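> So here's protein-v2.csv (CSV, C-alpha atoms).
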chain,number,residue,atom,x,y,z
W,1,MET,CA,86.2,78.6,126.2
W,2,PRO,CA,89.2,76.5,127.2
W,3,ILE,CA,92.2,78.2,128.6
W,4,ARG,CA,95.5,77.5,126.9
W,5,SER,CA,98.8,77.5,128.6
W,6,GLU,CA,101.9,79.0,127.1
W,7,PRO,CA,103.4,76.7,124.3
W,8,ALA,CA,106.4,74.6,125.0
W,9,LYS,CA,107.0,74.1,121.3
W,10,VAL,CA,109.4,76.4,119.4
W,11,LEU,CA,110.0,76.1,115.7
W,12,ILE,CA,113.2,77.7,114.6
W,13,LEU,CA,112.6,79.0,111.1
W,14,SER,CA,115.9,79.2,109.1
W,15,ASN,CA,116.6,80.1,105.5
W,16,ASP,CA,118.8,79.0,102.6
W,17,ASP,CA,120.9,81.3,100.4
W,18,ASN,CA,122.1,80.7,96.8
W,19,THR,CA,125.4,82.6,97.6
W,20,TRP,CA,126.5,80.4,100.5
W,21,THR,CA,129.6,78.2,100.3
W,22,PRO,CA,130.1,74.8,101.9
W,23,ALA,CA,131.9,76.6,104.7
W,24,ASP,CA,128.9,78.9,105.2
W,25,TYR,CA,126.6,75.9,105.4
W,26,GLU,CA,128.8,74.4,108.1
W,27,GLU,CA,128.7,77.6,110.1
W,28,ILE,CA,124.9,77.9,109.8
W,29,ASP,CA,124.4,74.3,110.9
W,30,LEU,CA,126.6,75.0,113.9
W,31,GLU,CA,124.6,78.1,114.8
W,32,LEU,CA,121.3,76.3,114.5
W,33,ALA,CA,122.5,73.5,116.7
W,34,ARG,CA,123.6,76.0,119.3
W,35,MET,CA,120.3,77.8,119.3
W,36,MET,CA,118.3,74.5,119.3
W,37,ASN,CA,120.3,72.9,122.1
W,38,GLY,CA,120.2,76.1,124.1
W,39,LEU,CA,116.4,76.3,124.0
W,40,ILE,CA,116.0,72.6,124.7
W,41,GLU,CA,118.2,73.1,127.8
W,42,ASN,CA,115.7,75.7,128.9
W,43,GLY,CA,112.7,73.4,128.7
W,44,TYR,CA,111.4,73.9,125.2
W,45,GLN,CA,110.5,71.3,122.6
W,46,VAL,CA,112.4,72.5,119.6
W,47,GLU,CA,112.5,71.7,115.9
W,48,VAL,CA,114.1,73.5,112.9
W,49,LEU,CA,112.5,74.1,109.5
W,50,THR,CA,114.4,75.6,106.6
W,51,ILE,CA,112.4,77.8,104.2
W,52,ARG,CA,113.7,78.4,100.7
W,53,HIS,CA,111.1,80.2,98.6
W,54,SER,CA,107.8,80.8,100.5
W,55,VAL,CA,106.7,80.8,104.1
W,56,VAL,CA,103.1,80.5,103.0
W,57,ASN,CA,103.7,77.4,100.8
W,58,GLU,CA,106.4,75.7,102.8
W,59,LEU,CA,105.3,76.4,106.4
W,60,GLY,CA,101.6,77.1,105.7
W,61,GLY,CA,101.3,73.9,103.9
W,62,HIS,CA,102.8,71.9,106.7
W,63,PRO,CA,100.0,70.3,108.8
W,64,TYR,CA,102.2,69.4,111.7
W,65,TYR,CA,103.3,73.0,112.7
W,66,SER,CA,100.0,74.5,113.7
W,67,PRO,CA,100.1,78.2,114.8
W,68,ASP,CA,97.9,77.1,117.8
W,69,GLU,CA,100.7,75.0,119.1
W,70,TRP,CA,104.0,76.3,117.7
W,71,LEU,CA,105.8,79.6,118.4
W,72,ILE,CA,108.2,80.6,115.6
W,73,PHE,CA,111.7,81.7,116.4
W,74,ASN,CA,112.2,83.8,113.3
W,75,TRP,CA,115.7,83.3,112.0
W,76,CYS,CA,114.6,83.4,108.4
W,77,GLU,CA,116.3,86.5,107.0
W,78,GLN,CA,115.6,86.1,103.3
W,79,TYR,CA,114.5,83.8,100.5
W,80,TYR,CA,116.9,81.6,98.6
W,81,ASP,CA,117.5,83.8,95.6
W,82,ARG,CA,115.8,87.1,96.8
W,83,PRO,CA,117.9,89.1,99.3
W,84,TRP,CA,116.3,91.6,101.7
W,85,THR,CA,113.0,89.8,101.9
W,86,ASP,CA,112.7,89.8,105.7
W,87,THR,CA,109.7,92.1,105.5
W,88,GLU,CA,107.9,89.7,103.2
W,89,ILE,CA,108.7,86.8,105.5
W,90,THR,CA,107.2,88.5,108.5
W,91,THR,CA,104.2,89.5,106.5
W,92,GLU,CA,103.5,85.9,105.5
W,93,LEU,CA,104.1,84.6,109.1
W,94,GLU,CA,101.6,87.2,110.3
W,95,SER,CA,99.1,86.3,107.6
W,96,LEU,CA,99.3,82.6,108.7
W,97,GLY,CA,98.5,83.5,112.3
W,98,TYR,CA,101.8,82.7,113.9
W,99,VAL,CA,103.3,84.3,116.9
W,100,PHE,CA,107.0,84.9,116.1
W,101,THR,CA,110.0,86.4,117.7
W,102,GLY,CA,111.3,89.8,116.6
W,103,ALA,CA,109.9,92.8,114.8
W,104,GLY,CA,106.7,92.7,112.7
W,105,PRO,CA,106.4,93.7,109.1
W,106,GLN,CA,105.7,97.4,109.6
W,107,THR,CA,108.9,97.8,111.7
W,108,MET,CA,110.9,95.8,109.2
W,109,ARG,CA,109.6,98.0,106.4
W,110,THR,CA,110.4,101.1,108.3
W,111,SER,CA,113.9,100.0,109.0
W,112,MET,CA,114.7,99.8,105.3
W,113,ASP,CA,114.0,103.5,104.9
W,114,LYS,CA,116.8,105.3,106.7
W,115,ASP,CA,115.3,108.7,106.0
W,116,LEU,CA,112.0,107.6,107.7
W,117,VAL,CA,113.9,106.2,110.6
W,118,ARG,CA,115.6,109.5,111.1
W,119,GLN,CA,112.2,111.3,111.1
W,120,LEU,CA,110.9,109.0,113.8
W,121,LEU,CA,114.0,109.3,115.9
W,122,SER,CA,113.9,113.1,115.6
W,123,GLU,CA,110.3,113.3,116.6
W,124,ALA,CA,111.2,111.2,119.7
W,125,GLY,CA,113.9,113.7,120.6
W,126,VAL,CA,116.8,111.3,119.8
W,127,SER,CA,120.0,113.0,118.9
W,128,LEU,CA,121.2,112.3,115.3
W,129,PRO,CA,124.1,113.2,113.0
W,130,GLU,CA,123.4,116.2,110.8
W,131,GLY,CA,122.1,114.7,107.5
W,132,ARG,CA,119.8,114.8,104.5
W,133,VAL,CA,118.9,112.8,101.4
W,134,TYR,CA,119.8,113.5,97.8
W,135,ARG,CA,118.1,112.3,94.7
W,136,ASP,CA,120.9,113.2,92.4
W,137,ASP,CA,124.5,114.5,92.5
W,138,HIS,CA,123.5,118.1,93.0
W,139,VAL,CA,125.0,118.3,96.4
W,140,GLU,CA,126.3,121.9,96.4
W,141,ASP,CA,124.3,122.8,99.5
W,142,TRP,CA,126.2,120.2,101.7
W,143,ALA,CA,129.0,121.9,103.7
W,144,ILE,CA,129.9,119.5,106.5
W,145,PHE,CA,133.0,117.4,106.0
W,146,PRO,CA,134.0,114.7,106.5
W,147,ALA,CA,130.7,113.1,105.7
W,148,MET,CA,129.3,109.6,105.3
W,149,VAL,CA,127.4,108.6,102.2
W,150,LYS,CA,125.0,105.6,102.7
W,151,PRO,CA,122.4,103.6,100.8
W,152,SER,CA,119.1,104.5,102.2
W,153,ASN,CA,117.6,101.0,102.1
W,154,GLN,CA,120.4,98.6,103.2
W,155,HIS,CA,121.5,96.8,106.4
W,156,SER,CA,124.7,95.0,107.5
W,157,SER,CA,126.8,97.8,106.2
W,158,GLN,CA,126.0,97.0,102.6
W,159,GLY,CA,127.5,99.7,100.5
W,160,ILE,CA,129.6,101.0,103.3
W,161,SER,CA,133.4,101.1,102.5
W,162,ARG,CA,136.4,103.4,102.9
W,163,ALA,CA,135.0,105.3,99.9
W,164,SER,CA,131.9,106.1,101.9
W,165,LEU,CA,133.7,108.6,104.0
W,166,VAL,CA,134.1,111.8,101.8
W,167,GLU,CA,136.2,114.9,102.5
W,168,SER,CA,135.4,117.2,99.7
W,169,PRO,CA,132.5,118.2,97.4
W,170,GLY,CA,134.0,116.2,94.5
W,171,GLU,CA,134.2,113.0,96.6
W,172,LEU,CA,130.7,113.6,97.9
W,173,ARG,CA,129.3,114.0,94.4
W,174,ARG,CA,131.0,110.9,93.1
W,175,GLN,CA,129.9,108.7,96.0
W,176,VAL,CA,126.3,109.9,96.0
W,177,GLN,CA,126.0,109.1,92.3
W,178,TRP,CA,127.7,105.7,92.9
W,179,VAL,CA,125.2,104.8,95.6
W,180,LEU,CA,122.2,105.9,93.5
W,181,ASP,CA,123.5,103.8,90.5
W,182,GLU,CA,124.7,100.8,92.4
W,183,PHE,CA,121.6,100.2,94.5
W,184,LYS,CA,119.0,101.7,92.0
W,185,LEU,CA,117.8,104.1,94.7
W,186,ALA,CA,115.6,107.1,94.6
W,187,VAL,CA,117.7,108.7,97.4
W,188,ALA,CA,121.1,108.5,99.0
W,189,LEU,CA,121.7,109.5,102.7
W,190,VAL,CA,124.5,111.9,103.6
W,191,GLU,CA,125.4,112.4,107.2
W,192,GLU,CA,128.2,114.1,109.1
W,193,PHE,CA,130.9,111.7,110.1
W,194,ILE,CA,131.4,111.6,113.8
W,195,ASP,CA,134.9,110.4,114.6
W,196,GLY,CA,134.1,109.4,118.1
W,197,ARG,CA,133.8,106.2,120.1
W,198,GLU,CA,131.3,103.8,118.5
W,199,VAL,CA,129.1,101.7,120.8
W,200,HIS,CA,126.5,99.1,120.0
W,201,VAL,CA,123.7,98.7,122.5
W,202,PRO,CA,121.8,95.4,122.5
W,203,LEU,CA,118.3,95.4,124.1
W,204,VAL,CA,115.7,92.8,125.0
W,205,GLY,CA,112.1,93.3,125.9
W,206,ASN,CA,108.8,94.9,125.2
W,207,ARG,CA,106.8,96.4,128.1
W,208,SER,CA,110.0,96.3,130.1
W,209,ILE,CA,113.1,96.9,128.1
W,210,GLU,CA,116.4,95.5,129.4
W,211,VAL,CA,119.6,97.2,128.1
W,212,LEU,CA,122.4,94.6,127.9
W,213,PRO,CA,126.0,95.6,128.5
W,214,PRO,CA,127.1,97.9,125.6
W,215,VAL,CA,129.7,96.7,123.2
W,216,GLU,CA,132.4,99.2,122.0
W,217,ILE,CA,133.9,98.9,118.6
W,218,ASP,CA,137.6,99.5,119.3
W,219,TYR,CA,139.4,101.2,116.4
W,220,THR,CA,142.7,102.0,118.2
W,221,LEU,CA,144.7,99.9,115.8
W,222,PHE,CA,143.7,102.1,112.9
W,223,ASN,CA,145.4,105.5,112.4
W,224,ASP,CA,143.5,106.5,109.2
W,225,MET,CA,140.1,108.0,109.8
W,226,ARG,CA,138.7,106.0,106.8
W,227,ASP,CA,139.5,102.8,108.6
W,228,ARG,CA,137.5,103.8,111.7
W,229,ILE,CA,134.3,102.7,110.1
W,230,TYR,CA,132.6,99.3,110.7
W,231,THR,CA,132.4,98.4,107.0
W,232,ASN,CA,130.9,95.4,105.4
W,233,GLU,CA,134.5,94.2,104.8
W,234,ALA,CA,135.3,94.6,108.5
W,235,LYS,CA,132.2,92.6,109.5
W,236,PHE,CA,132.5,89.7,107.0
W,237,ASP,CA,135.6,89.5,104.9
W,238,LYS,CA,137.9,87.0,106.6
W,239,LEU,CA,140.6,87.5,104.0
W,240,ASN,CA,141.3,91.1,104.9
W,241,ALA,CA,143.0,92.8,107.8
W,242,PRO,CA,140.0,94.9,109.1
W,243,TYR,CA,138.2,91.8,110.1
W,244,TYR,CA,141.0,90.9,112.5
W,245,LEU,CA,142.1,94.3,113.6
W,246,THR,CA,138.7,95.5,114.6
W,247,LYS,CA,138.3,94.7,118.4
W,248,PHE,CA,135.3,94.6,120.7
W,249,LEU,CA,135.1,95.8,124.3
W,250,CYS,CA,132.3,94.5,126.5
W,251,PRO,CA,131.2,96.0,128.6
W,252,ALA,CA,132.3,99.3,127.0
W,253,PRO,CA,134.4,101.2,129.5
W,254,LEU,CA,132.0,104.2,130.1
W,255,GLU,CA,131.6,106.6,133.0
W,256,ALA,CA,128.3,106.2,134.8
W,257,GLY,CA,126.8,109.4,133.5
W,258,THR,CA,127.8,108.6,129.9
W,259,GLN,CA,126.4,105.1,130.2
W,260,SER,CA,123.1,106.4,131.6
W,261,ARG,CA,122.7,108.8,128.6
W,262,LEU,CA,123.6,106.0,126.2
W,263,GLU,CA,121.0,103.7,127.7
W,264,GLU,CA,118.3,106.4,127.6
W,265,ALA,CA,119.1,107.2,123.9
W,266,ALA,CA,119.0,103.5,123.0
W,267,ARG,CA,115.7,102.8,124.8
W,268,SER,CA,114.1,105.9,123.1
W,269,ALA,CA,115.3,104.8,119.7
W,270,TYR,CA,114.1,101.2,120.3
W,271,ARG,CA,110.6,102.4,121.2
W,272,ALA,CA,110.4,105.1,118.5
W,273,THR,CA,111.0,102.7,115.7
W,274,GLY,CA,108.8,99.8,117.0
W,275,CYS,CA,111.5,97.3,117.9
W,276,ARG,CA,110.0,94.2,119.5
W,277,ASP,CA,111.5,91.4,121.6
W,278,TYR,CA,115.1,92.4,120.8
W,279,GLY,CA,117.1,94.9,118.8
W,280,ARG,CA,120.4,96.7,118.6
W,281,ILE,CA,121.0,100.5,118.5
W,282,ASP,CA,124.3,101.7,117.1
W,283,LEU,CA,125.7,105.0,118.4
W,284,ARG,CA,128.7,107.3,118.4
W,285,MET,CA,129.8,109.7,121.1
W,286,LYS,CA,130.1,113.4,120.2
W,287,ASP,CA,131.4,115.7,122.9
W,288,GLY,CA,130.2,113.2,125.5
W,289,GLN,CA,126.7,112.9,124.0
W,290,PRO,CA,125.3,109.7,122.4
W,291,ILE,CA,124.3,110.2,118.7
W,292,VAL,CA,122.2,107.4,117.1
W,293,LEU,CA,123.6,106.1,113.8
W,294,ASP,CA,121.3,103.2,113.1
W,295,VAL,CA,118.5,101.0,114.5
W,296,ASN,CA,118.6,97.2,113.9
W,297,PRO,CA,115.2,95.6,114.7
W,298,ASN,CA,116.4,92.4,113.1
W,299,ALA,CA,119.9,92.3,114.8
W,300,ASP,CA,122.3,89.4,114.5
W,301,LEU,CA,121.7,86.7,117.1
W,302,SER,CA,124.5,84.4,116.2
W,303,PHE,CA,126.8,82.9,118.9
W,304,GLU,CA,129.3,85.7,118.4
W,305,SER,CA,126.8,88.6,118.1
W,306,ASP,CA,126.6,91.6,120.3
W,307,HIS,CA,123.6,90.1,122.0
W,308,ALA,CA,125.4,86.9,122.8
W,309,ILE,CA,128.6,88.7,124.0
W,310,ALA,CA,126.6,91.0,126.2
W,311,ALA,CA,124.5,88.3,127.6
W,312,LYS,CA,127.6,86.3,128.6
W,313,MET,CA,128.8,89.3,130.6
W,314,LEU,CA,125.6,89.0,132.6
W,315,GLY,CA,126.3,85.4,133.3
W,316,LEU,CA,123.6,84.2,130.8
W,317,THR,CA,124.2,81.2,128.5
W,318,TYR,CA,123.4,81.4,124.8
W,319,GLY,CA,120.3,79.3,125.5
W,320,GLN,CA,119.1,81.6,128.3
W,321,LEU,CA,119.4,84.6,126.0
W,322,ALA,CA,117.3,82.7,123.3
W,323,ALA,CA,114.8,81.7,126.0
W,324,ARG,CA,114.4,85.4,127.1
W,325,ILE,CA,113.6,86.4,123.6
W,326,VAL,CA,111.0,83.6,123.3
W,327,GLU,CA,109.5,84.8,126.6
W,328,CYS,CA,109.1,88.2,125.1
W,329,ALA,CA,107.3,86.8,122.1
W,330,LEU,CA,105.1,84.8,124.5
W,331,GLU,CA,103.7,88.1,125.7
W,332,ARG,CA,101.7,88.0,122.5
W,333,TRP,CA,100.5,84.4,122.8
W,334,PRO,CA,96.7,84.2,123.1
W,335,ARG,CA,95.7,83.2,126.6
W,336,SER,CA,92.5,81.7,125.3
W,337,ARG,CA,91.0,80.3,122.1
W,338,THR,CA,87.4,79.5,121.2
Please go through the file and, once you have read it, give me the structure as structure tokens.


Amino acid sequence: MPIRSEPAKVLILSNDDNTWTPADYEEIDLELARMMNGLIENGYQVEVLTIRHSVVNELGGHPYYSPDEWLIFNWCEQYYDRPWTDTEITTELESLGYVFTGAGPQTMRTSMDKDLVRQLLSEAGVSLPEGRVYRDDHVEDWAIFPAMVKPSNQHSSQGISRASLVESPGELRRQVQWVLDEFKLAVALVEEFIDGREVHVPLVGNRSIEVLPPVEIDYTLFNDMRDRIYTNEAKFDKLNAPYYLTKFLCPAPLEAGTQSRLEEAARSAYRATGCRDYGRIDLRMKDGQPIVLDVNPNADLSFESDHAIAAKMLGLTYGQLAARIVECALERWPRSRT
């Protein structure tokens, strides 16, 4: 039985998207070059493969990229014309026998069910906003305002806008029905709105979990409560003011006790939901206590992401951050093969 050493070959798996503009393609090419060059600088042989429609057909049918020799850096978030297919992608990678970075299919599937995520976090003793799901607009039993109305199966703040913050039963009823209709959902999630400091905590690791410096979302330039939400517009719309007025503080200016509680909550949420190699936990502070809002097992790893910003604060280059994530995945690399 020959003993195998850890692979020095990393295949970055990227994706295409039928909604991308020429400017988007330029940005993606730049991000891939940064990731590739960073891993090369850290001693890896690196190649990039873009998947459009099927991991099984396009990667599985490629004789050069053997799962015995290549570790996959999974940056393939969806198929060309099918959004939110990251679970399918990881399922296919697993079926082909590849070791790949990031969460596996079960965790990906779980993360798309915010009600299930809440159950897992509650069982782990993690503090959450008051909340419940609704299958229709019969919301008469909800009495906490202001409140947030969210799609139960979306990421990247899809479906989150100023209208998501509701202050009356009438607004709540309309927004719940809008979410159910717009996203063709069985349930919509309603949670109390916590108008406190928002902090994102990036983490790296498996057996040993490293908490990177937390990143605070600074809303001090916004007076209206409805603007103190990290909406999809604030994240991605470069034609509107929230994209430019939302600021980031890293490391977040926190007292030692507050930071300790924040890190403990983030680690607990990371473990409870099955995050692997890396992830990000989003929290808000309520009366000095961290409240978990969301778990991101497939967190953004672009050059300007929370992970990259926080790693820089530790003196790590972008390539060193990527190499750490690869090292985490290598914990699953078989030490021997027949």

> Between atom CA of Leu189 of chain W and atom CA of Ala143 of chain W, measure the distance and give it in Å to one decimal.

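Atom-to-atom, atom CA of Leu189 of chain W to atom CA of Ala143 of chain W, that is 14.4 Å.
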
> What separation in Å, quoted to one decimal, exists between atom CA of Gln289 of chain W and atom CA of Thr231 of chain W?

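We find that atom CA of Gln289 of chain W and atom CA of Thr231 of chain W lie 23.1 Å from each other.
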
> Which distance in Å separates atom CA of Pro169 of chain W and atom CA of Lys184 of chain W, to one decimal?

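If I compute the distance from atom CA of Pro169 of chain W to atom CA of Lys184 of chain W, I get 22.0 Å.
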
> Kindly list the centre and edge lengths in Å, rounded to one decimal, for the axis-aligned box that covers all listed atoms of segment 137-154 of chain W plus 8 Å on each of its six sides, as AutoDock Vina command-line options.


--center_x 125.8 --center_y 110.7 --center_z 99.5 --size_x 32.4 --size_y 40.2 --size_z 30.0

> Pick out the residues sitting within 10 Å of segment 59-63 of chain W, and hand them over as a PyMOL selection string; count all atoms listed in the file, and ignore anything fewer than 2 positions along from it in its own chain.

chain W and resi 13+49-51+54-57+65-67+92-93+95-98

> With all atoms listed in the file counted and 12 Å as the cut-off, give the residues of segment 160-263 of chain W in contact with segment 107-128 of chain W, each with its shortest interatomic distance in Å and the pair that gives it, as a Markdown table.


| residue | atom | partner | partner_atom | distance |
| --- | --- | --- | --- | --- |
| W:Leu185 | CA | W:Asp113 | CA | 10.9 |
| W:Ala186 | CA | W:Asp113 | CA | 11.0 |
| W:Val187 | CA | W:Asp115 | CA | 8.9 |
| W:Ala188 | CA | W:Asp115 | CA | 9.1 |
| W:Leu189 | CA | W:Asp115 | CA | 7.2 |
| W:Val190 | CA | W:Asp115 | CA | 10.0 |
| W:Glu191 | CA | W:Leu128 | CA | 9.1 |
| W:Glu192 | CA | W:Leu128 | CA | 9.5 |
| W:Phe193 | CA | W:Leu128 | CA | 11.0 |
| W:Ile194 | CA | W:Leu128 | CA | 10.3 |
| W:Arg261 | CA | W:Val126 | CA | 10.9 |
| W:Leu262 | CA | W:Ser127 | CA | 10.7 |
| W:Glu263 | CA | W:Val126 | CA | 11.7 |

> Please determine, counting all atoms listed in the file, which residue among W:Leu301, W:Cys275, W:Leu321, W:Leu203 has the shortest atom-to-atom distance to Gly104 of chain W.

W:Cys275

> In terms of the shortest atom-to-atom distance over only C-alpha atoms, which of W:Thr101, W:Ser157, W:Arg34, W:Val166 is closest to Trp142 of chain W?

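Counting only C-alpha atoms, the residue closest to Trp142 of chain W is W:Val166.
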
> Which residue is closest to Gly43 of chain W? Choose from W:Ile144, W:Arg280, W:Gly319, W:Leu330 and count all atoms listed in the file.

W:Gly319

> Using only C-alpha atoms for the distances, tell me which of W:Glu198, W:Lys150, W:Gly205, W:Met225 is nearest to Trp178 of chain W.

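Of W:Glu198, W:Lys150, W:Gly205, W:Met225, the one nearest Trp178 of chain W, counting only C-alpha atoms, is W:Lys150.
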